[in-house]
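Data block for my_file28.cif (mmCIF, C-alpha atoms):
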data_target
#
loop_
_atom_site.group_PDB
_atom_site.id
_atom_site.type_symbol
_atom_site.label_atom_id
_atom_site.label_comp_id
_atom_site.auth_asym_id
_atom_site.auth_seq_id
_atom_site.Cartn_x
_atom_site.Cartn_y
_atom_site.Cartn_z
ATOM 1 C CA MET A 798 117.665 18.106 94.588
ATOM 2 C CA LYS A 799 118.600 14.746 93.065
ATOM 3 C CA LYS A 800 115.155 14.386 91.517
ATOM 4 C CA HIS A 801 115.419 17.774 89.883
ATOM 5 C CA PHE A 802 118.990 17.513 88.707
ATOM 6 C CA PRO A 803 119.592 20.337 86.172
ATOM 7 C CA MET A 804 120.744 17.964 83.435
ATOM 8 C CA ASN A 805 120.102 20.467 80.612
ATOM 9 C CA HIS A 806 122.402 23.008 82.211
ATOM 10 C CA VAL A 807 125.184 20.497 82.867
ATOM 11 C CA ILE A 808 125.019 19.255 79.267
ATOM 12 C CA GLY A 809 125.009 22.846 78.005
ATOM 13 C CA PHE A 810 128.030 23.716 80.151
ATOM 14 C CA LEU A 811 130.020 20.647 79.060
ATOM 15 C CA LEU A 812 129.151 21.292 75.402
ATOM 16 C CA SER A 813 130.280 24.913 75.715
ATOM 17 C CA ILE A 814 133.615 23.881 77.260
ATOM 18 C CA ALA A 815 134.128 21.214 74.587
ATOM 19 C CA LEU A 816 133.334 23.665 71.764
ATOM 20 C CA THR A 817 135.729 26.266 73.198
ATOM 21 C CA LEU A 818 138.530 23.682 73.439
ATOM 22 C CA PHE A 819 137.806 22.318 69.927
ATOM 23 C CA ALA A 820 137.998 25.868 68.566
ATOM 24 C CA LEU A 821 141.371 26.340 70.282
ATOM 25 C CA PHE A 822 142.619 23.054 68.845
ATOM 26 C CA ILE A 823 141.488 23.926 65.320
ATOM 27 C CA ALA A 824 143.001 27.418 65.549
ATOM 28 C CA PHE A 825 146.457 26.457 66.820
ATOM 29 C CA GLU A 826 147.081 22.754 66.295
ATOM 30 C CA THR A 827 145.910 22.052 62.745
ATOM 31 C CA ASP A 828 147.312 22.842 59.299
ATOM 32 C CA PHE A 829 144.126 24.059 57.599
ATOM 33 C CA THR A 830 144.280 27.387 55.793
ATOM 34 C CA THR A 831 143.170 30.408 57.835
ATOM 35 C CA ASN A 832 139.982 30.622 55.815
ATOM 36 C CA VAL A 833 138.972 27.021 56.518
ATOM 37 C CA LYS A 834 139.842 27.438 60.198
ATOM 38 C CA LEU A 835 137.604 30.511 60.411
ATOM 39 C CA TRP A 836 134.663 28.628 58.898
ATOM 40 C CA ILE A 837 135.097 25.772 61.355
ATOM 41 C CA ILE A 838 135.506 27.872 64.513
ATOM 42 C CA GLY A 839 132.701 30.162 63.274
ATOM 43 C CA ALA A 840 130.396 27.151 63.069
ATOM 44 C CA PHE A 841 131.457 26.149 66.607
ATOM 45 C CA ALA A 842 130.655 29.676 67.838
ATOM 46 C CA ILE A 843 127.189 29.610 66.294
ATOM 47 C CA PHE A 844 126.508 26.179 67.764
ATOM 48 C CA GLN A 845 127.648 27.356 71.211
ATOM 49 C CA ALA A 846 125.425 30.433 70.951
ATOM 50 C CA LEU A 847 122.468 28.147 70.193
ATOM 51 C CA VAL A 848 123.342 26.000 73.207
ATOM 52 C CA GLN A 849 123.187 29.124 75.393
ATOM 53 C CA LEU A 850 119.954 30.393 73.839
ATOM 54 C CA ILE A 851 118.089 27.113 74.111
ATOM 55 C CA MET A 852 119.564 25.345 77.144
ATOM 56 C CA PHE A 853 120.373 28.331 79.377
ATOM 57 C CA MET A 854 117.987 31.054 78.214
ATOM 58 C CA HIS A 855 114.984 28.785 77.660
ATOM 59 C CA MET A 856 114.233 30.629 74.422
ATOM 60 C CA THR A 857 111.886 27.895 73.237
ATOM 61 C CA GLU A 858 109.617 27.803 76.306
ATOM 62 C CA GLY A 859 106.784 30.004 77.570
ATOM 63 C CA LYS A 860 103.763 31.197 75.611
ATOM 64 C CA ALA A 861 105.781 33.683 73.579
ATOM 65 C CA LYS A 862 108.207 31.081 72.222
ATOM 66 C CA VAL A 863 107.189 31.575 68.578
ATOM 67 C CA ALA A 864 107.552 35.353 68.942
ATOM 68 C CA ASN A 865 110.954 34.817 70.606
ATOM 69 C CA ILE A 866 112.221 32.620 67.807
ATOM 70 C CA ILE A 867 110.994 35.005 65.081
ATOM 71 C CA ASN A 868 112.434 38.027 66.901
ATOM 72 C CA ILE A 869 115.864 36.479 67.510
ATOM 73 C CA SER A 870 116.025 34.994 63.999
ATOM 74 C CA TYR A 871 115.222 38.396 62.514
ATOM 75 C CA SER A 872 117.880 40.085 64.676
ATOM 76 C CA VAL A 873 120.449 37.491 63.619
ATOM 77 C CA PHE A 874 119.464 38.083 59.980
ATOM 78 C CA LEU A 875 120.011 41.836 60.464
ATOM 79 C CA ALA A 876 123.347 41.154 62.162
ATOM 80 C CA VAL A 877 124.517 38.992 59.254
ATOM 81 C CA VAL A 878 123.441 41.629 56.712
ATOM 82 C CA ILE A 879 125.231 44.381 58.655
ATOM 83 C CA VAL A 880 128.453 42.423 59.204
ATOM 84 C CA ALA A 881 128.739 40.618 55.855
ATOM 85 C CA GLY A 882 127.403 43.646 53.955
ATOM 86 C CA SER A 883 129.877 46.046 55.583
ATOM 87 C CA ILE A 884 132.827 43.761 54.889
ATOM 88 C CA TRP A 885 131.689 43.269 51.311
ATOM 89 C CA ILE A 886 131.057 46.943 50.532
ATOM 90 C CA LEU A 887 134.139 48.294 52.285
ATOM 91 C CA THR A 888 136.747 45.759 51.185
ATOM 92 C CA THR A 889 135.767 45.068 47.570
ATOM 93 C CA GLY A 890 136.989 46.882 44.497
ATOM 94 C CA HIS A 891 138.945 49.671 46.152
ATOM 95 C CA ALA A 892 142.163 48.693 44.384
ATOM 96 C CA ALA A 893 140.696 50.036 41.130
ATOM 97 C CA HIS A 894 140.208 53.594 42.442
ATOM 98 C CA MET B 1458 112.455 18.971 83.910
ATOM 99 C CA ALA B 1459 110.311 16.680 86.037
ATOM 100 C CA SER B 1460 108.138 19.477 87.422
ATOM 101 C CA GLN B 1461 106.896 21.123 84.229
ATOM 102 C CA THR B 1462 103.261 20.481 85.100
ATOM 103 C CA SER B 1463 102.713 24.066 86.282
ATOM 104 C CA THR B 1464 103.913 27.283 84.650
ATOM 105 C CA PRO B 1465 107.117 28.664 86.223
ATOM 106 C CA LEU B 1466 106.441 31.578 88.578
ATOM 107 C CA GLU B 1467 108.120 34.143 86.318
ATOM 108 C CA TYR B 1468 105.479 33.537 83.625
ATOM 109 C CA SER B 1469 102.561 33.463 86.080
ATOM 110 C CA THR B 1470 100.972 36.826 85.222
ATOM 111 C CA LYS B 1471 100.155 38.557 81.945
ATOM 112 C CA GLN B 1472 102.372 41.466 82.985
ATOM 113 C CA ASN B 1473 105.311 39.095 83.593
ATOM 114 C CA GLU B 1474 104.870 37.400 80.233
ATOM 115 C CA MET B 1475 104.837 40.772 78.479
ATOM 116 C CA ASN B 1476 107.922 41.987 80.367
ATOM 117 C CA ILE B 1477 109.864 38.859 79.446
ATOM 118 C CA LEU B 1478 108.819 39.139 75.789
ATOM 119 C CA GLY B 1479 109.777 42.820 75.886
ATOM 120 C CA PHE B 1480 113.215 41.914 77.187
ATOM 121 C CA TRP B 1481 113.717 39.414 74.364
ATOM 122 C CA ILE B 1482 112.920 42.216 71.912
ATOM 123 C CA PHE B 1483 115.515 44.402 73.675
ATOM 124 C CA LEU B 1484 118.044 41.564 73.281
ATOM 125 C CA GLY B 1485 117.225 41.542 69.561
ATOM 126 C CA ALA B 1486 118.221 45.213 69.457
ATOM 127 C CA GLU B 1487 121.392 44.376 71.398
ATOM 128 C CA ILE B 1488 122.321 41.776 68.774
ATOM 129 C CA VAL B 1489 122.066 44.478 66.114
ATOM 130 C CA LEU B 1490 124.053 46.946 68.274
ATOM 131 C CA PHE B 1491 126.914 44.490 68.685
ATOM 132 C CA SER B 1492 126.751 43.530 65.000
ATOM 133 C CA THR B 1493 127.554 47.145 64.048
ATOM 134 C CA LEU B 1494 130.580 47.087 66.373
ATOM 135 C CA PHE B 1495 131.731 43.736 64.961
ATOM 136 C CA ALA B 1496 131.258 45.041 61.392
ATOM 137 C CA THR B 1497 133.391 48.110 62.207
ATOM 138 C CA TYR B 1498 136.085 45.906 63.727
ATOM 139 C CA PHE B 1499 136.201 43.496 60.773
ATOM 140 C CA VAL B 1500 136.537 46.349 58.301
ATOM 141 C CA LEU B 1501 139.282 48.125 60.278
ATOM 142 C CA GLU B 1502 141.119 45.200 61.891
ATOM 143 C CA GLN B 1503 144.225 45.675 59.739
ATOM 144 C CA SER B 1504 144.422 49.465 59.859
ATOM 145 C CA TYR B 1505 147.246 49.726 62.400
ATOM 146 C CA ALA B 1506 148.667 53.153 61.451
ATOM 147 C CA GLY B 1507 152.068 51.972 62.689
ATOM 148 C CA GLY B 1508 150.645 50.970 66.102
ATOM 149 C CA PRO B 1509 150.598 47.530 67.726
ATOM 150 C CA THR B 1510 148.801 44.609 66.054
ATOM 151 C CA GLN B 1511 146.727 41.718 67.401
ATOM 152 C CA SER B 1512 149.731 39.414 67.758
ATOM 153 C CA ASP B 1513 151.649 42.123 69.673
ATOM 154 C CA LEU B 1514 148.766 42.573 72.089
ATOM 155 C CA PHE B 1515 146.738 39.431 72.739
ATOM 156 C CA ILE B 1516 147.800 37.023 75.480
ATOM 157 C CA LEU B 1517 146.041 33.699 74.936
ATOM 158 C CA LYS B 1518 146.279 32.595 78.564
ATOM 159 C CA ASP B 1519 144.488 35.699 79.872
ATOM 160 C CA VAL B 1520 141.839 35.470 77.159
ATOM 161 C CA LEU B 1521 141.175 31.847 78.111
ATOM 162 C CA ILE B 1522 140.866 32.740 81.795
ATOM 163 C CA GLU B 1523 138.300 35.428 80.919
ATOM 164 C CA THR B 1524 136.449 33.027 78.629
ATOM 165 C CA PHE B 1525 136.154 30.294 81.250
ATOM 166 C CA LEU B 1526 135.202 32.749 84.021
ATOM 167 C CA LEU B 1527 132.342 34.121 81.937
ATOM 168 C CA LEU B 1528 131.274 30.699 80.638
ATOM 169 C CA THR B 1529 131.160 29.281 84.164
ATOM 170 C CA SER B 1530 129.238 32.323 85.406
ATOM 171 C CA SER B 1531 126.653 31.706 82.698
ATOM 172 C CA PHE B 1532 126.329 28.117 83.972
ATOM 173 C CA THR B 1533 125.980 29.168 87.635
ATOM 174 C CA MET B 1534 123.355 31.741 86.618
ATOM 175 C CA GLY B 1535 121.439 28.894 84.953
ATOM 176 C CA LEU B 1536 121.679 26.888 88.191
ATOM 177 C CA ALA B 1537 120.353 29.888 90.141
ATOM 178 C CA ILE B 1538 117.264 29.987 87.889
ATOM 179 C CA HIS B 1539 116.900 26.219 88.298
ATOM 180 C CA GLN B 1540 116.884 26.647 92.097
ATOM 181 C CA MET B 1541 114.497 29.596 91.836
ATOM 182 C CA ARG B 1542 112.053 27.370 89.966
ATOM 183 C CA GLY B 1543 112.466 24.773 92.710
ATOM 184 C CA ASN B 1544 111.652 27.568 95.215
ATOM 185 C CA ASN B 1545 114.957 27.061 97.077
ATOM 186 C CA LYS B 1546 115.828 30.618 98.035
ATOM 187 C CA ASN B 1547 119.142 29.858 99.754
ATOM 188 C CA ALA B 1548 120.463 27.649 96.950
ATOM 189 C CA MET B 1549 119.333 30.277 94.450
ATOM 190 C CA LEU B 1550 121.218 33.005 96.331
ATOM 191 C CA PHE B 1551 124.295 30.768 96.639
ATOM 192 C CA TRP B 1552 124.529 30.294 92.864
ATOM 193 C CA THR B 1553 123.770 33.964 92.277
ATOM 194 C CA VAL B 1554 126.632 35.055 94.524
ATOM 195 C CA ALA B 1555 128.880 32.537 92.725
ATOM 196 C CA THR B 1556 127.823 34.150 89.421
ATOM 197 C CA LEU B 1557 128.594 37.571 90.822
ATOM 198 C CA LEU B 1558 132.090 36.545 91.972
ATOM 199 C CA LEU B 1559 132.889 34.967 88.593
ATOM 200 C CA GLY B 1560 131.597 38.119 86.876
ATOM 201 C CA LEU B 1561 133.813 40.284 89.085
ATOM 202 C CA GLY B 1562 136.764 38.008 88.265
ATOM 203 C CA PHE B 1563 136.071 38.498 84.580
ATOM 204 C CA LEU B 1564 135.923 42.253 85.012
ATOM 205 C CA TYR B 1565 139.191 42.245 86.989
ATOM 206 C CA TYR B 1566 140.967 40.401 84.167
ATOM 207 C CA GLU B 1567 139.420 42.666 81.556
ATOM 208 C CA ILE B 1568 140.567 45.825 83.345
ATOM 209 C CA ASN B 1569 144.070 44.310 83.577
ATOM 210 C CA GLU B 1570 143.842 43.593 79.874
ATOM 211 C CA PHE B 1571 143.007 47.220 79.062
ATOM 212 C CA ASN B 1572 145.903 48.294 81.263
ATOM 213 C CA HIS B 1573 148.222 45.971 79.363
ATOM 214 C CA TYR B 1574 147.071 47.441 76.031
ATOM 215 C CA ILE B 1575 147.732 50.988 77.183
ATOM 216 C CA HIS B 1576 151.247 49.958 78.277
ATOM 217 C CA GLU B 1577 151.795 48.344 74.880
ATOM 218 C CA GLY B 1578 150.871 51.667 73.266
ATOM 219 C CA LEU B 1579 147.323 50.974 72.079
ATOM 220 C CA THR B 1580 144.679 53.555 72.960
ATOM 221 C CA LEU B 1581 141.463 54.717 71.299
ATOM 222 C CA GLN B 1582 143.527 57.304 69.406
ATOM 223 C CA THR B 1583 146.353 55.030 68.198
ATOM 224 C CA SER B 1584 144.776 53.544 65.086
ATOM 225 C CA ALA B 1585 141.483 52.607 63.468
ATOM 226 C CA PHE B 1586 142.109 49.073 64.708
ATOM 227 C CA GLY B 1587 142.572 50.423 68.252
ATOM 228 C CA SER B 1588 139.357 52.457 68.111
ATOM 229 C CA ALA B 1589 137.279 49.604 66.710
ATOM 230 C CA PHE B 1590 138.727 46.930 68.998
ATOM 231 C CA LEU B 1591 138.572 48.942 72.233
ATOM 232 C CA THR B 1592 135.030 50.118 71.463
ATOM 233 C CA LEU B 1593 133.827 46.555 70.847
ATOM 234 C CA LEU B 1594 135.559 45.156 73.927
ATOM 235 C CA GLY B 1595 134.677 48.173 76.060
ATOM 236 C CA THR B 1596 130.996 48.008 75.165
ATOM 237 C CA HIS B 1597 130.913 44.369 76.231
ATOM 238 C CA GLY B 1598 132.810 45.211 79.442
ATOM 239 C CA VAL B 1599 130.394 48.033 80.284
ATOM 240 C CA HIS B 1600 127.508 45.598 79.818
ATOM 241 C CA VAL B 1601 129.128 43.169 82.265
ATOM 242 C CA ALA B 1602 129.729 45.962 84.801
ATOM 243 C CA LEU B 1603 126.089 47.038 84.496
ATOM 244 C CA GLY B 1604 124.973 43.424 84.878
ATOM 245 C CA ILE B 1605 126.951 43.090 88.105
ATOM 246 C CA GLY B 1606 125.212 46.150 89.588
ATOM 247 C CA TRP B 1607 121.836 44.812 88.430
ATOM 248 C CA VAL B 1608 122.463 41.375 89.981
ATOM 249 C CA ILE B 1609 123.532 42.958 93.303
ATOM 250 C CA ALA B 1610 120.322 45.017 93.396
ATOM 251 C CA LEU B 1611 118.232 41.910 92.748
ATOM 252 C CA ILE B 1612 120.051 39.867 95.400
ATOM 253 C CA ILE B 1613 119.046 42.530 97.926
ATOM 254 C CA GLN B 1614 115.457 42.392 96.695
ATOM 255 C CA VAL B 1615 115.253 38.580 96.845
ATOM 256 C CA VAL B 1616 116.767 38.554 100.357
ATOM 257 C CA ARG B 1617 114.178 41.078 101.556
ATOM 258 C CA ARG B 1618 111.069 39.930 99.672
ATOM 259 C CA GLY B 1619 111.747 36.276 98.926
ATOM 260 C CA ILE B 1620 110.824 34.518 95.669
ATOM 261 C CA THR B 1621 107.586 36.125 94.468
ATOM 262 C CA ALA B 1622 106.038 36.434 91.008
ATOM 263 C CA VAL B 1623 107.649 39.887 90.711
ATOM 264 C CA THR B 1624 111.152 39.035 91.948
ATOM 265 C CA ALA B 1625 111.125 35.768 89.949
ATOM 266 C CA ARG B 1626 110.309 37.699 86.773
ATOM 267 C CA LYS B 1627 113.013 40.300 87.461
ATOM 268 C CA PHE B 1628 115.520 37.581 88.196
ATOM 269 C CA PHE B 1629 114.658 35.624 85.074
ATOM 270 C CA ILE B 1630 115.179 38.778 83.009
ATOM 271 C CA VAL B 1631 118.606 39.478 84.535
ATOM 272 C CA SER B 1632 119.536 35.861 83.789
ATOM 273 C CA LEU B 1633 118.629 36.387 80.115
ATOM 274 C CA TYR B 1634 120.851 39.479 80.075
ATOM 275 C CA TRP B 1635 123.736 37.605 81.698
ATOM 276 C CA HIS B 1636 123.581 34.637 79.306
ATOM 277 C CA PHE B 1637 123.394 37.089 76.410
ATOM 278 C CA LEU B 1638 126.708 38.640 77.495
ATOM 279 C CA ASP B 1639 128.286 35.200 77.263
ATOM 280 C CA VAL B 1640 126.821 34.740 73.768
ATOM 281 C CA VAL B 1641 128.474 38.015 72.672
ATOM 282 C CA TRP B 1642 131.752 36.935 74.279
ATOM 283 C CA ILE B 1643 131.754 33.656 72.290
ATOM 284 C CA PHE B 1644 131.908 35.733 69.108
ATOM 285 C CA ILE B 1645 134.555 38.115 70.496
ATOM 286 C CA PHE B 1646 136.627 35.105 71.571
ATOM 287 C CA THR B 1647 136.313 33.413 68.178
ATOM 288 C CA PHE B 1648 136.466 36.267 65.690
ATOM 289 C CA VAL B 1649 138.635 38.760 67.537
ATOM 290 C CA TYR B 1650 141.057 36.780 69.709
ATOM 291 C CA LEU B 1651 141.405 33.415 67.950
ATOM 292 C CA LYS B 1652 141.336 35.027 64.526
ATOM 293 C CA GLY B 1653 143.848 37.672 65.656
ATOM 294 C CA LEU B 1654 146.267 35.075 67.030
ATOM 295 C CA MET B 1655 146.011 32.517 64.213
#

What does the file become when written as structure tokens?
Amino acid sequence: MKKHFPMNHVIGFLLSIALTLFALFIAFETDFTTNVKLWIIGAFAIFQALVQLIMFMHMTEGKAKVANIINISYSVFLAVVIVAGSIWILTTGHAAH
Amino acid sequence: MASQTSTPLEYSTKQNEMNILGFWIFLGAEIVLFSTLFATYFVLEQSYAGGPTQSDLFILKDVLIETFLLLTSSFTMGLAIHQMRGNNKNAMLFWTVATLLLGLGFLYYEINEFNHYIHEGLTLQTSAFGSAFLTLLGTHGVHVALGIGWVIALIIQVVRRGITAVTARKFFIVSLYWHFLDVVWIFIFTFVYLKGLM
């Protein structure tokens, strides 16, 4: 048990807790504008998602690791296009009509 | 980390490798599914139609409890896989049951949360914000509920059959699903709750 201490998981867990608390701090205890706050906590969220994918889900191991990385990267690309594209299309320029 | 000389049991057969790859592709589709729900929410998040708003509804303390329950359950699920790879069945089952209890705790708080929203006057019919928010949160909650049933079924299988190439592969796949639910929650926590309360 000692020999095989799950160090990766413990680090991942501590990082996730720290990122959650940092996000809370940025959101409620700082004087940045809402926009800046969103960029910062958004970056924390993406970093925490990567921690989960790599340290907990072992995305980068096994024979299919290249396929995994391409597949997840492509899905994330689609997600960004869907989310950013929808916001862009549906919130821009309506005042003129 | 020290014992990476041999392939973990869950990757030991061609069939297992293909099943795990197939599940990653399914998770890719899940990312896209949730992205459509997030997109809908972001577009409609200020369409209240006279109904309650984020700051009327969200209770930070409860959201934090849910967040830490789910985050910890993701960690204990990782420990269960670690023990599975060390071939320690009892330790693996211990961490799995811990995961299950944390997951049930999360679900309990989430059901309370929905109850609170209904009492505050927010239902699927109240406003576009209500529809988008409850659909996003509800879809995540349904995934957690399904995951709990799936984990229970696999606990029974591991108790009866032990750690074999087949049960190890099934268990690894449910762990991917469980961690994925935490990944989705990170974005709900950040872009729905924190953003809504800022």

Protein/DNA/RNA residues near (104.2, 28.9, 80.7), cut 8 Å, all atoms listed in the file, as JSON, numbers by chain: {"A": [858, 859, 860], "B": [1463, 1464, 1465, 1468, 1469]}

Could you tell me which residues of chain B sit within 6 Å of chain A when counting only C-alpha atoms, and give me the result as number ranges by chain? B: 1485, 1489, 1492, 1496, 1500, 1535, 1633, 1640

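The space between atom CA of Arg1542 of chain B and atom CA of Leu1559 of chain B spans 22.2 Å.
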
Run the PyMOL selection byres ((chain B and resi 1518) around 12) against the file shown and list the residues it catches, as a PDB file with C-alpha atoms, keeping the file's coordinate frame.
ATOM      1  CA  LEU A 821     141.371  26.340  70.282  1.00  0.00           C
TER       2      LEU A 821
ATOM      3  CA  PHE B1515     146.738  39.431  72.739  1.00  0.00           C
ATOM      4  CA  ILE B1516     147.800  37.023  75.480  1.00  0.00           C
ATOM      5  CA  LEU B1517     146.041  33.699  74.936  1.00  0.00           C
ATOM      6  CA  ASP B1519     144.488  35.699  79.872  1.00  0.00           C
ATOM      7  CA  VAL B1520     141.839  35.470  77.159  1.00  0.00           C
ATOM      8  CA  LEU B1521     141.175  31.847  78.111  1.00  0.00           C
ATOM      9  CA  ILE B1522     140.866  32.740  81.795  1.00  0.00           C
ATOM     10  CA  GLU B1523     138.300  35.428  80.919  1.00  0.00           C
ATOM     11  CA  THR B1524     136.449  33.027  78.629  1.00  0.00           C
ATOM     12  CA  PHE B1525     136.154  30.294  81.250  1.00  0.00           C
ATOM     13  CA  TYR B1566     140.967  40.401  84.167  1.00  0.00           C
ATOM     14  CA  GLU B1570     143.842  43.593  79.874  1.00  0.00           C
ATOM     15  CA  TYR B1650     141.057  36.780  69.709  1.00  0.00           C
ATOM     16  CA  LEU B1651     141.405  33.415  67.950  1.00  0.00           C
ATOM     17  CA  LEU B1654     146.267  35.075  67.030  1.00  0.00           C
TER      18      LEU B1654
END

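The residues returned by the PyMOL selection byres ((chain B and resi 1471) around 12) on the shown structure are Gly859, Lys860 and Ala861 of chain A; Leu1466, Glu1467, Tyr1468, Ser1469, Thr1470, Gln1472, Asn1473, Glu1474, Met1475, Asn1476, Ile1477, Leu1478, Ala1622, Val1623 and Arg1626 of chain B.
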
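For Gly1578 of chain B, the non-local neighbours within 12 Å, defined as residues at least 6 positions apart in the same chain or in other chains and counting all atoms listed in the file, are Tyr1505, Gly1507, Gly1508, Pro1509, Thr1510, Asp1513, Leu1514, Phe1571, Asn1572, Ser1584 and Gly1587 of chain B.
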
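Proximity to Leu1526 of chain B was assessed for B:Phe1628, B:Leu1557, B:Gln1503, B:Met1549 counting all atoms listed in the file; the smallest distance is recorded for B:Leu1557.
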